[in-house]
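Worksheet: one structure, shown below.
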Amino acid sequence: MELLCPAGSIPALKAAIENGADAVYVGLKDETNARHFAGLNLDEKRLQEAVIYAHQHGCKLHVAINTFAQPESYSTWTQAVDMVIKAKADVLIVADIGLLGYIADRYPNQEVHLSVQASATNAAAIDFYQRQFGVKRIVLPRVLAMNQVRALAQTTDIDLEVFAFGSLCIMAEGRCYLSSYMTGESPNTAGACSPAAHVRWEETNGVLESRLNGVLIDRFQPEEKAGYPTLCKGRFEVDNETYHPLEEPTSLNTLDLLPQLHKEGIVSLKIEGRQRSPAYVAQITRVWRAAIDSVLANPKGFTVQSEWQQVLANLSEGSQTTLGAYHRTWK
Amino acid sequence: MKFSLGPVLYFWPKQKMQAFYQQAAESSVDIVYLGEAVCSKRRELKFDDYMNIAHMLREAGKQVCLSTMTLLEAPSELRELRRYCDNGDFLVEANDVGAMSMLNENSLPFIAGSAISVYNHHTLRRLINLGMQRWVLPVELSGEWVGQLLAQNLVQEVRSCFETELFAFGHMPLAWSARCFTARSEHRHKDQCELCCIKYPNGRIVDSQDGQRVFVLNGVQTQSGDRYNLINQLPSMHDKVDVVRLSPQAEGTFEWLEKFRNNIHGEAPQPLEKNDCNGYWLKLAGMVQQVEA
């Protein structure tokens with residue numbers, strides 16, 4: 001079971017590798033990946049540096065080219081693919097059908113993983129991507145319950161990767177347009193969700209308001225901890241009741257499920273967070289390395305250490321974590 | 001320019017559904033999509049009921065297409081999907097790649113629904129090669145984006161092989177989740193939802209704390225708070241859009257169908273209502289209502 005960690009920079013990549021990642025995933029410094037934020041990601045030179053460093057340390061490098069290519073600038077995406085293959089990265093993470101076709105035609109031996117942005121939630125969809133493009137692995141969306149992950153693991157022969165920890169997307173990724181509805185930019189069209197350029201904070205009489213493109217996402221009383229206004233985690237009103245109609249600000253944490261994920265033969269556990277700092281990546285990687293080593297050594301006797309949970313809780317949104325859709329009661 | 005009725009996205013009682021499709025049969029609509037696209041627990045109408053309605057509509061001269069579930073998770077949902085794909089009679093709208101996969105495996109043509117991620121000419125061309133006959137544009141695409149995509153040679157070469165369809169009226173489906181937000185709004189767990197969404201024939205409205213309409217909750221689907229209404233953009237979309245889709249609303253759908261038909265060339269523009277929006281097509285945030293000068 002592989003530990004796959006995020007890196008938005010060379011220092012984060014080194015932090016992940018030094019703390020026990022088996023593989024690291026990165027994105028390029030342009031709109032070809034779903035974490036297209038200022039100051040983040042790698043250019044060609046840094047990518048080569050990353051590949052060399054990862055390989056020197058026996059680690060694999062995955063590169064996400066996982067947004068949907070645009071008609072007028074299609075070559076930006078194919079050039080990104082060419083560049084990554086030339087740099088000898090190990091894996092491409094892709095969602096766009098056109099681009100999957102390009103890689104299958106031009107680089108038939110290249111290892112490709114289907115990005116979570118392709119939203120393959122069932123055996124028939126997985127079969128399509130396997131048959132058409134020979135993808136080797138599927139990154140499963142965070143909407144599946146553990147019993148559904150199990151059913152897929154038992155019915156398909158493809159490698160499965162699941163999100164183990166980090167920001168919780170509660171919608172099927174790759175077909176969520178909430179962000180462009182509110183701001184004009186979405187993961188699919190701009191590689192970003194609830195983009196920072198549209199965020200505004202305003203404090204009146206101790207009450208802090210967060211807005212996204214003018215829409216009031218939440219109001220925080222002085223004693224409340226204010227979180228980033230991700231639109232699906234806002235506090236809104238439904239028939240005069242004010243609550244989080246979609247989701248609370250919380251992070252996904254599957255530590256409790258580790259023995260089950262191991263038993264089902266999940267090949268890779270993905271940690272979300274290419275936008276996070278090297279210090280965050282180091283701490284998260286250390287905990288998950290210890291947890292995976294522990295489950296591999298003794299799957300039946302595995303217990304979650306309280307200090308792991310403590311570290312993860314401190315690194316979580318609103319200090320809250322959830323099993324998300326993996327656990328039926330979340331739904 | 002043809003007009004279609006999308007699948008009913010809300011959960012309506014059987015009687016209301018049958019009355020709606022009776023009205024559809026008598027209306028001027030060209031194409032009708034039938035089927036449950038949101039939640040497999042909604043079973044007021046079963047597959048055979050839909051097939052009976054389909055035959056009734058066909059006899060009334062409508063083209064009938066079967067619309068399929070968007071978020072497919074359980075093996076039982078795939079079995080139900082297979083029944084739709086194997087219906088033997090009607091063209092199927094694939095709202096998930098899983099459906100596309102099944103149809104293609106049986107060498108059947110298909111319609112790619114708006115939740116299939118088609119953002120460029122290479123993807124579109126691959127789907128055409130696989131048997132796609134109609135492309136329902138992702139809701140977030142602007143008219144400019146669609147124009148640029150269709151202008152590519154790769155698409156122009158085969159432009160006569162497929163139609164384009166645009167969701168142009170109704171609350172837009174914007175997201176799907178494992179969680180049921182209608183059940184959550186009633187403090188229920190999804191497993192004990194008691195199909196409470198049947199109480200909300202237009203979904204449940206979500207407002208911001210200062211009273212701005214934000215979303216509509218429709219079971220596992222989240223819709224736009226505002227109603228998309230492109231009636232006044234019809235005259236400028238003839239080169240891009242072959243079929244204009246109206247999404248059934250609890251009231252007034254057929255009146256709007258006539259208003260749309262009467263404004264194909266701009267003969268009868270309509271004032272938009274307060275909670276109407278048209279931003280996406282105009283390359284703005286989806287929720288924006290732009291009043292044209």
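Here's how to read the names in the structure tokens: chain A, B, ... by the order shown, residue numbers from 1 in each chain, ligand numbers from 1 in the order shown.
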- [ ] Apply DSSP to the backbone of this structure and, from region 17-231 of chain B, keep only the residues in alpha helix (DSSP H); write these as a ChimeraX atom specification.
- [x] /B:17-26,47-59,75-85,97-105,121-130,143-151,153-156,181-185
Among region 48-287 of chain A, which residues carry a DSSP assignment of strand (DSSP E), reported as a PDB file with N, CA, C and O atoms, in the first residue's frame?
```pdb
ATOM      1  N   LYS A  60       8.590   7.598  -6.400  1.00  0.00           N
ATOM      2  CA  LYS A  60       7.994   7.874  -7.715  1.00  0.00           C
ATOM      3  C   LYS A  60       7.403   9.270  -7.773  1.00  0.00           C
ATOM      4  O   LYS A  60       6.909   9.788  -6.765  1.00  0.00           O
ATOM      5  N   LEU A  61       7.416   9.848  -8.961  1.00  0.00           N
ATOM      6  CA  LEU A  61       6.819  11.172  -9.131  1.00  0.00           C
ATOM      7  C   LEU A  61       5.629  11.086 -10.086  1.00  0.00           C
ATOM      8  O   LEU A  61       5.746  10.633 -11.219  1.00  0.00           O
ATOM      9  N   HIS A  62       4.468  11.522  -9.580  1.00  0.00           N
ATOM     10  CA  HIS A  62       3.247  11.581 -10.390  1.00  0.00           C
ATOM     11  C   HIS A  62       2.986  13.042 -10.735  1.00  0.00           C
ATOM     12  O   HIS A  62       3.149  13.908  -9.881  1.00  0.00           O
ATOM     13  N   VAL A  63       2.556  13.291 -11.958  1.00  0.00           N
ATOM     14  CA  VAL A  63       2.249  14.674 -12.338  1.00  0.00           C
ATOM     15  C   VAL A  63       0.787  14.779 -12.766  1.00  0.00           C
ATOM     16  O   VAL A  63       0.339  14.054 -13.665  1.00  0.00           O
ATOM     17  N   ALA A  64       0.074  15.672 -12.112  1.00  0.00           N
ATOM     18  CA  ALA A  64      -1.345  15.866 -12.425  1.00  0.00           C
ATOM     19  C   ALA A  64      -1.496  16.862 -13.574  1.00  0.00           C
ATOM     20  O   ALA A  64      -1.098  18.014 -13.454  1.00  0.00           O
ATOM     21  N   ILE A  65      -2.024  16.365 -14.686  1.00  0.00           N
ATOM     22  CA  ILE A  65      -2.447  17.257 -15.775  1.00  0.00           C
ATOM     23  C   ILE A  65      -3.932  16.969 -15.890  1.00  0.00           C
ATOM     24  O   ILE A  65      -4.388  16.220 -16.746  1.00  0.00           O
ATOM     25  N   VAL A  91       4.439   8.902 -13.635  1.00  0.00           N
ATOM     26  CA  VAL A  91       3.000   8.730 -13.850  1.00  0.00           C
ATOM     27  C   VAL A  91       2.353  10.045 -14.247  1.00  0.00           C
ATOM     28  O   VAL A  91       2.719  11.105 -13.730  1.00  0.00           O
ATOM     29  N   LEU A  92       1.386   9.962 -15.162  1.00  0.00           N
ATOM     30  CA  LEU A  92       0.543  11.117 -15.472  1.00  0.00           C
ATOM     31  C   LEU A  92      -0.842  10.884 -14.883  1.00  0.00           C
ATOM     32  O   LEU A  92      -1.397   9.784 -15.005  1.00  0.00           O
ATOM     33  N   ILE A  93      -1.400  11.908 -14.258  1.00  0.00           N
ATOM     34  CA  ILE A  93      -2.751  11.826 -13.706  1.00  0.00           C
ATOM     35  C   ILE A  93      -3.648  12.698 -14.577  1.00  0.00           C
ATOM     36  O   ILE A  93      -3.457  13.920 -14.649  1.00  0.00           O
ATOM     37  N   VAL A  94      -4.597  12.079 -15.270  1.00  0.00           N
ATOM     38  CA  VAL A  94      -5.325  12.778 -16.335  1.00  0.00           C
ATOM     39  C   VAL A  94      -6.832  12.521 -16.225  1.00  0.00           C
ATOM     40  O   VAL A  94      -7.249  11.429 -15.802  1.00  0.00           O
ATOM     41  N   GLU A 111       2.621   5.198 -18.148  1.00  0.00           N
ATOM     42  CA  GLU A 111       1.661   4.857 -17.092  1.00  0.00           C
ATOM     43  C   GLU A 111       0.749   6.050 -16.817  1.00  0.00           C
ATOM     44  O   GLU A 111       1.214   7.148 -16.535  1.00  0.00           O
ATOM     45  N   VAL A 112      -0.550   5.784 -16.912  1.00  0.00           N
ATOM     46  CA  VAL A 112      -1.531   6.857 -16.709  1.00  0.00           C
ATOM     47  C   VAL A 112      -2.516   6.437 -15.627  1.00  0.00           C
ATOM     48  O   VAL A 112      -3.003   5.308 -15.610  1.00  0.00           O
ATOM     49  N   HIS A 113      -2.792   7.369 -14.719  1.00  0.00           N
ATOM     50  CA  HIS A 113      -3.824   7.150 -13.704  1.00  0.00           C
ATOM     51  C   HIS A 113      -4.996   8.073 -13.998  1.00  0.00           C
ATOM     52  O   HIS A 113      -4.791   9.228 -14.372  1.00  0.00           O
ATOM     53  N   LEU A 114      -6.199   7.555 -13.801  1.00  0.00           N
ATOM     54  CA  LEU A 114      -7.374   8.375 -14.060  1.00  0.00           C
ATOM     55  C   LEU A 114      -7.612   9.296 -12.870  1.00  0.00           C
ATOM     56  O   LEU A 114      -7.855   8.847 -11.747  1.00  0.00           O
ATOM     57  N   ARG A 137      -4.586   2.833 -13.240  1.00  0.00           N
ATOM     58  CA  ARG A 137      -5.116   3.037 -11.894  1.00  0.00           C
ATOM     59  C   ARG A 137      -6.248   4.067 -11.934  1.00  0.00           C
ATOM     60  O   ARG A 137      -6.235   4.972 -12.756  1.00  0.00           O
ATOM     61  N   ILE A 138      -7.187   3.900 -10.994  1.00  0.00           N
ATOM     62  CA  ILE A 138      -8.304   4.844 -10.880  1.00  0.00           C
ATOM     63  C   ILE A 138      -8.227   5.535  -9.524  1.00  0.00           C
ATOM     64  O   ILE A 138      -8.116   4.856  -8.498  1.00  0.00           O
ATOM     65  N   VAL A 139      -8.278   6.846  -9.527  1.00  0.00           N
ATOM     66  CA  VAL A 139      -8.388   7.579  -8.268  1.00  0.00           C
ATOM     67  C   VAL A 139      -9.881   7.744  -7.987  1.00  0.00           C
ATOM     68  O   VAL A 139     -10.596   8.392  -8.753  1.00  0.00           O
ATOM     69  N   ASP A 159      -6.051  -1.197 -10.497  1.00  0.00           N
ATOM     70  CA  ASP A 159      -5.538  -0.648  -9.238  1.00  0.00           C
ATOM     71  C   ASP A 159      -6.410   0.512  -8.788  1.00  0.00           C
ATOM     72  O   ASP A 159      -6.806   1.355  -9.603  1.00  0.00           O
ATOM     73  N   LEU A 160      -6.686   0.569  -7.493  1.00  0.00           N
ATOM     74  CA  LEU A 160      -7.524   1.641  -6.955  1.00  0.00           C
ATOM     75  C   LEU A 160      -6.734   2.495  -5.972  1.00  0.00           C
ATOM     76  O   LEU A 160      -5.974   1.972  -5.143  1.00  0.00           O
ATOM     77  N   GLU A 161      -6.950   3.786  -6.096  1.00  0.00           N
ATOM     78  CA  GLU A 161      -6.330   4.740  -5.177  1.00  0.00           C
ATOM     79  C   GLU A 161      -7.456   5.509  -4.506  1.00  0.00           C
ATOM     80  O   GLU A 161      -8.419   5.892  -5.171  1.00  0.00           O
ATOM     81  N   VAL A 162      -7.350   5.729  -3.200  1.00  0.00           N
ATOM     82  CA  VAL A 162      -8.404   6.493  -2.524  1.00  0.00           C
ATOM     83  C   VAL A 162      -7.794   7.688  -1.781  1.00  0.00           C
ATOM     84  O   VAL A 162      -6.621   7.686  -1.422  1.00  0.00           O
ATOM     85  N   PHE A 163      -8.618   8.695  -1.573  1.00  0.00           N
ATOM     86  CA  PHE A 163      -8.214   9.819  -0.746  1.00  0.00           C
ATOM     87  C   PHE A 163      -8.268   9.393   0.714  1.00  0.00           C
ATOM     88  O   PHE A 163      -9.277   8.870   1.180  1.00  0.00           O
ATOM     89  N   ALA A 164      -7.167   9.605   1.425  1.00  0.00           N
ATOM     90  CA  ALA A 164      -7.089   9.168   2.810  1.00  0.00           C
ATOM     91  C   ALA A 164      -7.257  10.334   3.775  1.00  0.00           C
ATOM     92  O   ALA A 164      -7.803  10.182   4.851  1.00  0.00           O
ATOM     93  N   PHE A 165      -6.762  11.498   3.363  1.00  0.00           N
ATOM     94  CA  PHE A 165      -6.777  12.623   4.293  1.00  0.00           C
ATOM     95  C   PHE A 165      -6.722  13.952   3.542  1.00  0.00           C
ATOM     96  O   PHE A 165      -6.089  14.053   2.506  1.00  0.00           O
ATOM     97  N   GLY A 166      -7.390  14.959   4.129  1.00  0.00           N
ATOM     98  CA  GLY A 166      -7.268  16.315   3.591  1.00  0.00           C
ATOM     99  C   GLY A 166      -8.616  16.945   3.365  1.00  0.00           C
ATOM    100  O   GLY A 166      -9.631  16.483   3.899  1.00  0.00           O
ATOM    101  N   SER A 167      -8.635  17.997   2.569  1.00  0.00           N
ATOM    102  CA  SER A 167      -9.889  18.696   2.301  1.00  0.00           C
ATOM    103  C   SER A 167     -10.915  17.719   1.765  1.00  0.00           C
ATOM    104  O   SER A 167     -10.592  16.825   0.996  1.00  0.00           O
ATOM    105  N   VAL A 199     -12.600  36.434  -2.869  1.00  0.00           N
ATOM    106  CA  VAL A 199     -12.929  36.398  -1.436  1.00  0.00           C
ATOM    107  C   VAL A 199     -12.823  37.791  -0.828  1.00  0.00           C
ATOM    108  O   VAL A 199     -11.895  38.547  -1.115  1.00  0.00           O
ATOM    109  N   ARG A 200     -13.775  38.134   0.025  1.00  0.00           N
ATOM    110  CA  ARG A 200     -13.732  39.410   0.743  1.00  0.00           C
ATOM    111  C   ARG A 200     -14.123  39.179   2.202  1.00  0.00           C
ATOM    112  O   ARG A 200     -15.086  38.478   2.491  1.00  0.00           O
ATOM    113  N   TRP A 201     -13.349  39.753   3.101  1.00  0.00           N
ATOM    114  CA  TRP A 201     -13.644  39.670   4.541  1.00  0.00           C
ATOM    115  C   TRP A 201     -14.066  41.039   5.026  1.00  0.00           C
ATOM    116  O   TRP A 201     -13.496  42.043   4.633  1.00  0.00           O
ATOM    117  N   GLU A 202     -15.040  41.071   5.928  1.00  0.00           N
ATOM    118  CA  GLU A 202     -15.516  42.353   6.445  1.00  0.00           C
ATOM    119  C   GLU A 202     -15.930  42.180   7.899  1.00  0.00           C
ATOM    120  O   GLU A 202     -16.690  41.262   8.216  1.00  0.00           O
ATOM    121  N   GLU A 203     -15.435  43.069   8.758  1.00  0.00           N
ATOM    122  CA  GLU A 203     -15.788  42.949  10.173  1.00  0.00           C
ATOM    123  C   GLU A 203     -16.648  44.127  10.604  1.00  0.00           C
ATOM    124  O   GLU A 203     -16.301  45.275  10.366  1.00  0.00           O
ATOM    125  N   THR A 204     -17.798  43.828  11.184  1.00  0.00           N
ATOM    126  CA  THR A 204     -18.670  44.872  11.710  1.00  0.00           C
ATOM    127  C   THR A 204     -19.070  44.479  13.127  1.00  0.00           C
ATOM    128  O   THR A 204     -19.657  43.416  13.334  1.00  0.00           O
ATOM    129  N   VAL A 207     -18.425  41.053  14.376  1.00  0.00           N
ATOM    130  CA  VAL A 207     -18.903  39.931  13.553  1.00  0.00           C
ATOM    131  C   VAL A 207     -18.154  39.947  12.223  1.00  0.00           C
ATOM    132  O   VAL A 207     -18.142  40.965  11.526  1.00  0.00           O
ATOM    133  N   LEU A 208     -17.545  38.823  11.917  1.00  0.00           N
ATOM    134  CA  LEU A 208     -16.741  38.738  10.697  1.00  0.00           C
ATOM    135  C   LEU A 208     -17.554  38.068   9.589  1.00  0.00           C
ATOM    136  O   LEU A 208     -18.120  36.993   9.786  1.00  0.00           O
ATOM    137  N   GLU A 209     -17.625  38.739   8.452  1.00  0.00           N
ATOM    138  CA  GLU A 209     -18.370  38.161   7.324  1.00  0.00           C
ATOM    139  C   GLU A 209     -17.411  37.741   6.221  1.00  0.00           C
ATOM    140  O   GLU A 209     -16.483  38.476   5.889  1.00  0.00           O
ATOM    141  N   SER A 210     -17.646  36.577   5.646  1.00  0.00           N
ATOM    142  CA  SER A 210     -16.852  36.169   4.480  1.00  0.00           C
ATOM    143  C   SER A 210     -17.769  36.146   3.260  1.00  0.00           C
ATOM    144  O   SER A 210     -18.898  35.658   3.324  1.00  0.00           O
ATOM    145  N   ARG A 211     -17.274  36.712   2.187  1.00  0.00           N
ATOM    146  CA  ARG A 211     -18.069  36.749   0.951  1.00  0.00           C
ATOM    147  C   ARG A 211     -17.260  36.191  -0.218  1.00  0.00           C
ATOM    148  O   ARG A 211     -16.047  36.343  -0.270  1.00  0.00           O
ATOM    149  N   LEU A 212     -17.970  35.570  -1.127  1.00  0.00           N
ATOM    150  CA  LEU A 212     -17.357  35.077  -2.355  1.00  0.00           C
ATOM    151  C   LEU A 212     -18.092  35.738  -3.512  1.00  0.00           C
ATOM    152  O   LEU A 212     -19.299  35.535  -3.688  1.00  0.00           O
ATOM    153  N   VAL A 215     -21.340  37.211  -2.511  1.00  0.00           N
ATOM    154  CA  VAL A 215     -22.337  36.369  -1.836  1.00  0.00           C
ATOM    155  C   VAL A 215     -21.855  36.059  -0.411  1.00  0.00           C
ATOM    156  O   VAL A 215     -20.713  35.607  -0.223  1.00  0.00           O
ATOM    157  N   LEU A 216     -22.721  36.308   0.551  1.00  0.00           N
ATOM    158  CA  LEU A 216     -22.368  36.058   1.946  1.00  0.00           C
ATOM    159  C   LEU A 216     -22.284  34.545   2.188  1.00  0.00           C
ATOM    160  O   LEU A 216     -23.284  33.833   2.108  1.00  0.00           O
ATOM    161  N   ILE A 217     -21.074  34.077   2.480  1.00  0.00           N
ATOM    162  CA  ILE A 217     -20.878  32.633   2.695  1.00  0.00           C
ATOM    163  C   ILE A 217     -21.050  32.282   4.170  1.00  0.00           C
ATOM    164  O   ILE A 217     -21.637  31.265   4.514  1.00  0.00           O
ATOM    165  N   ASP A 218     -20.518  33.142   5.057  1.00  0.00           N
ATOM    166  CA  ASP A 218     -20.695  32.848   6.481  1.00  0.00           C
ATOM    167  C   ASP A 218     -20.505  34.102   7.307  1.00  0.00           C
ATOM    168  O   ASP A 218     -19.930  35.099   6.850  1.00  0.00           O
ATOM    169  N   ARG A 219     -21.033  34.046   8.526  1.00  0.00           N
ATOM    170  CA  ARG A 219     -20.855  35.100   9.539  1.00  0.00           C
ATOM    171  C   ARG A 219     -20.301  34.433  10.775  1.00  0.00           C
ATOM    172  O   ARG A 219     -20.836  33.432  11.228  1.00  0.00           O
ATOM    173  N   PHE A 220     -19.217  34.999  11.310  1.00  0.00           N
ATOM    174  CA  PHE A 220     -18.585  34.390  12.487  1.00  0.00           C
ATOM    175  C   PHE A 220     -18.686  35.328  13.673  1.00  0.00           C
ATOM    176  O   PHE A 220     -18.308  36.500  13.588  1.00  0.00           O
ATOM    177  N   PHE A 236     -25.884  28.833   5.473  1.00  0.00           N
ATOM    178  CA  PHE A 236     -26.968  29.493   4.749  1.00  0.00           C
ATOM    179  C   PHE A 236     -28.296  29.246   5.460  1.00  0.00           C
ATOM    180  O   PHE A 236     -28.342  28.593   6.506  1.00  0.00           O
ATOM    181  N   GLU A 237     -29.372  29.728   4.829  1.00  0.00           N
ATOM    182  CA  GLU A 237     -30.698  29.559   5.428  1.00  0.00           C
ATOM    183  C   GLU A 237     -31.604  28.708   4.559  1.00  0.00           C
ATOM    184  O   GLU A 237     -31.679  28.913   3.346  1.00  0.00           O
ATOM    185  N   VAL A 238     -32.268  27.760   5.198  1.00  0.00           N
ATOM    186  CA  VAL A 238     -33.304  26.977   4.534  1.00  0.00           C
ATOM    187  C   VAL A 238     -34.551  27.093   5.402  1.00  0.00           C
ATOM    188  O   VAL A 238     -34.538  26.659   6.561  1.00  0.00           O
ATOM    189  N   GLU A 241     -34.074  28.372   8.918  1.00  0.00           N
ATOM    190  CA  GLU A 241     -33.103  27.695   9.765  1.00  0.00           C
ATOM    191  C   GLU A 241     -31.711  27.973   9.205  1.00  0.00           C
ATOM    192  O   GLU A 241     -31.468  27.769   8.010  1.00  0.00           O
ATOM    193  N   THR A 242     -30.810  28.465  10.052  1.00  0.00           N
ATOM    194  CA  THR A 242     -29.455  28.775   9.601  1.00  0.00           C
ATOM    195  C   THR A 242     -28.520  27.632   9.995  1.00  0.00           C
ATOM    196  O   THR A 242     -28.413  27.308  11.179  1.00  0.00           O
ATOM    197  N   TYR A 243     -27.897  27.025   9.007  1.00  0.00           N
ATOM    198  CA  TYR A 243     -26.983  25.908   9.278  1.00  0.00           C
ATOM    199  C   TYR A 243     -26.106  25.698   8.045  1.00  0.00           C
ATOM    200  O   TYR A 243     -26.132  26.499   7.111  1.00  0.00           O
ATOM    201  N   SER A 251     -12.370  18.167   7.663  1.00  0.00           N
ATOM    202  CA  SER A 251     -11.457  17.443   6.770  1.00  0.00           C
ATOM    203  C   SER A 251     -11.768  15.956   6.779  1.00  0.00           C
ATOM    204  O   SER A 251     -12.314  15.433   7.740  1.00  0.00           O
ATOM    205  N   LEU A 252     -11.365  15.325   5.688  1.00  0.00           N
ATOM    206  CA  LEU A 252     -11.512  13.875   5.585  1.00  0.00           C
ATOM    207  C   LEU A 252     -10.359  13.202   6.329  1.00  0.00           C
ATOM    208  O   LEU A 252      -9.214  13.609   6.187  1.00  0.00           O
ATOM    209  N   ASN A 253     -10.679  12.210   7.135  1.00  0.00           N
ATOM    210  CA  ASN A 253      -9.630  11.444   7.808  1.00  0.00           C
ATOM    211  C   ASN A 253     -10.044   9.978   7.877  1.00  0.00           C
ATOM    212  O   ASN A 253     -10.995   9.631   8.558  1.00  0.00           O
ATOM    213  N   SER A 268      -3.078   2.487  -3.199  1.00  0.00           N
ATOM    214  CA  SER A 268      -2.463   3.757  -2.852  1.00  0.00           C
ATOM    215  C   SER A 268      -3.389   4.620  -2.010  1.00  0.00           C
ATOM    216  O   SER A 268      -4.593   4.680  -2.260  1.00  0.00           O
ATOM    217  N   LEU A 269      -2.807   5.273  -1.018  1.00  0.00           N
ATOM    218  CA  LEU A 269      -3.546   6.220  -0.186  1.00  0.00           C
ATOM    219  C   LEU A 269      -3.041   7.612  -0.518  1.00  0.00           C
ATOM    220  O   LEU A 269      -1.848   7.894  -0.409  1.00  0.00           O
ATOM    221  N   LYS A 270      -3.965   8.446  -0.921  1.00  0.00           N
ATOM    222  CA  LYS A 270      -3.580   9.786  -1.363  1.00  0.00           C
ATOM    223  C   LYS A 270      -3.886  10.816  -0.286  1.00  0.00           C
ATOM    224  O   LYS A 270      -4.984  10.836   0.274  1.00  0.00           O
ATOM    225  N   ILE A 271      -2.894  11.652  -0.018  1.00  0.00           N
ATOM    226  CA  ILE A 271      -3.082  12.760   0.919  1.00  0.00           C
ATOM    227  C   ILE A 271      -3.348  14.008   0.076  1.00  0.00           C
ATOM    228  O   ILE A 271      -2.578  14.324  -0.824  1.00  0.00           O
TER     229      ILE A 271
END
```
Task: Residues of chain A within 7 Å of chain B, only C-alpha atoms counted, as number ranges by chain - done: A: 68-72, 97-98, 121-122, 124-125, 128, 143-144, 148, 170-172, 175-178, 180-184, 216-217, 236-238, 245-246, 325, 329, 331
Open item on the list: Report, in Å with one decimal, the straight-line distance from CA of Cys196 (chain B) to CA of Gly35 (chain B).
Closed with: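 Taking CA of Cys196 (chain B) as the start and CA of Gly35 (chain B) as the end point, the length is 19.3 Å.
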Open item on the list: Can you pull out the residues contacting Asp48 (chain B)? Cut-off 12 Å, using only C-alpha atoms, and skip same-chain residues under 6 positions away; I want them as a list of chain:residue names.
Closed with: B:Leu34, B:Gly35, B:Ala54, B:His55, B:Glu80, B:Arg83, B:Tyr84, B:Asn87
Let me see the file: selected residues, C-alpha atoms, as a CSV table (one decimal), in the first residue's frame.
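result-v8.csv was written with the following content:
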```
chain,number,residue,atom,x,y,z
B,34,LEU,CA,-37.8,10.5,-19.8
B,35,GLY,CA,-36.4,8.8,-16.7
B,54,ALA,CA,-42.6,6.9,-24.1
B,55,HIS,CA,-44.8,5.0,-26.5
B,80,GLU,CA,-31.3,-0.6,-13.7
B,83,ARG,CA,-32.4,-1.9,-18.6
B,84,TYR,CA,-32.5,1.6,-20.0
B,87,ASN,CA,-34.6,-0.8,-24.2
```
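The gap separating CA of Arg150 (chain A) from CA of Val267 (chain A) is 12.8 Å, in Å to one decimal.
As for CA of Pro108 (chain A) and CA of Ala94 (chain B), they are spaced 27.9 Å apart.
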Excluding Gly301 (chain A) and any residue of its chain fewer than 5 positions from it, enumerate the residues within 10 Å of it, using only C-alpha atoms, and give them as a PDB file with all heavy atoms, in the first residue's frame.
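File around-v9.pdb, as written:
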```pdb
ATOM      1  N   PRO A 259      -7.219  -0.555   8.172  1.00  0.00           N
ATOM      2  CA  PRO A 259      -7.186  -2.015   8.005  1.00  0.00           C
ATOM      3  C   PRO A 259      -8.122  -2.500   6.893  1.00  0.00           C
ATOM      4  O   PRO A 259      -7.775  -3.418   6.144  1.00  0.00           O
ATOM      5  CB  PRO A 259      -7.658  -2.543   9.370  1.00  0.00           C
ATOM      6  CG  PRO A 259      -7.418  -1.423  10.328  1.00  0.00           C
ATOM      7  CD  PRO A 259      -7.595  -0.164   9.538  1.00  0.00           C
ATOM      8  N   SER A 294       2.446   0.354  10.474  1.00  0.00           N
ATOM      9  CA  SER A 294       1.817  -0.404  11.544  1.00  0.00           C
ATOM     10  C   SER A 294       0.787  -1.394  10.990  1.00  0.00           C
ATOM     11  O   SER A 294       0.735  -2.545  11.414  1.00  0.00           O
ATOM     12  CB  SER A 294       1.190   0.593  12.523  1.00  0.00           C
ATOM     13  OG  SER A 294       0.252  -0.032  13.325  1.00  0.00           O
ATOM     14  N   VAL A 295      -0.004  -0.957  10.023  1.00  0.00           N
ATOM     15  CA  VAL A 295      -1.016  -1.870   9.465  1.00  0.00           C
ATOM     16  C   VAL A 295      -0.358  -2.967   8.627  1.00  0.00           C
ATOM     17  O   VAL A 295      -0.816  -4.109   8.614  1.00  0.00           O
ATOM     18  CB  VAL A 295      -2.119  -1.102   8.690  1.00  0.00           C
ATOM     19  CG1 VAL A 295      -1.729  -0.819   7.251  1.00  0.00           C
ATOM     20  CG2 VAL A 295      -3.429  -1.875   8.727  1.00  0.00           C
TER      21      VAL A 295
END
```
Open item on the list: Residues within 12 Å of Lys263 (chain A), please, as an NGL selection string. Count only C-alpha atoms; anything in the same chain fewer than 2 positions from it doesn't count.
Closed with: :A and (1 or 146 or 149-150 or 153-154 or 257-261 or 265-267 or 295-296 or 298-300)
Task: Pick from B:Glu36, B:Gln63, B:Glu163, B:Glu144 nearest to Ala112 (chain B), counting only C-alpha atoms - done: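 That would be B:Glu163, the residue with the smallest distance to Ala112 (chain B).
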Task: Residues near Ile128 (chain B), cut-off 10 Å, only C-alpha atoms, skip fewer than 3 positions along chain, as number ranges by chain - done: B: 109-112, 122-125, 131-135, 155, 158-159, 161-162
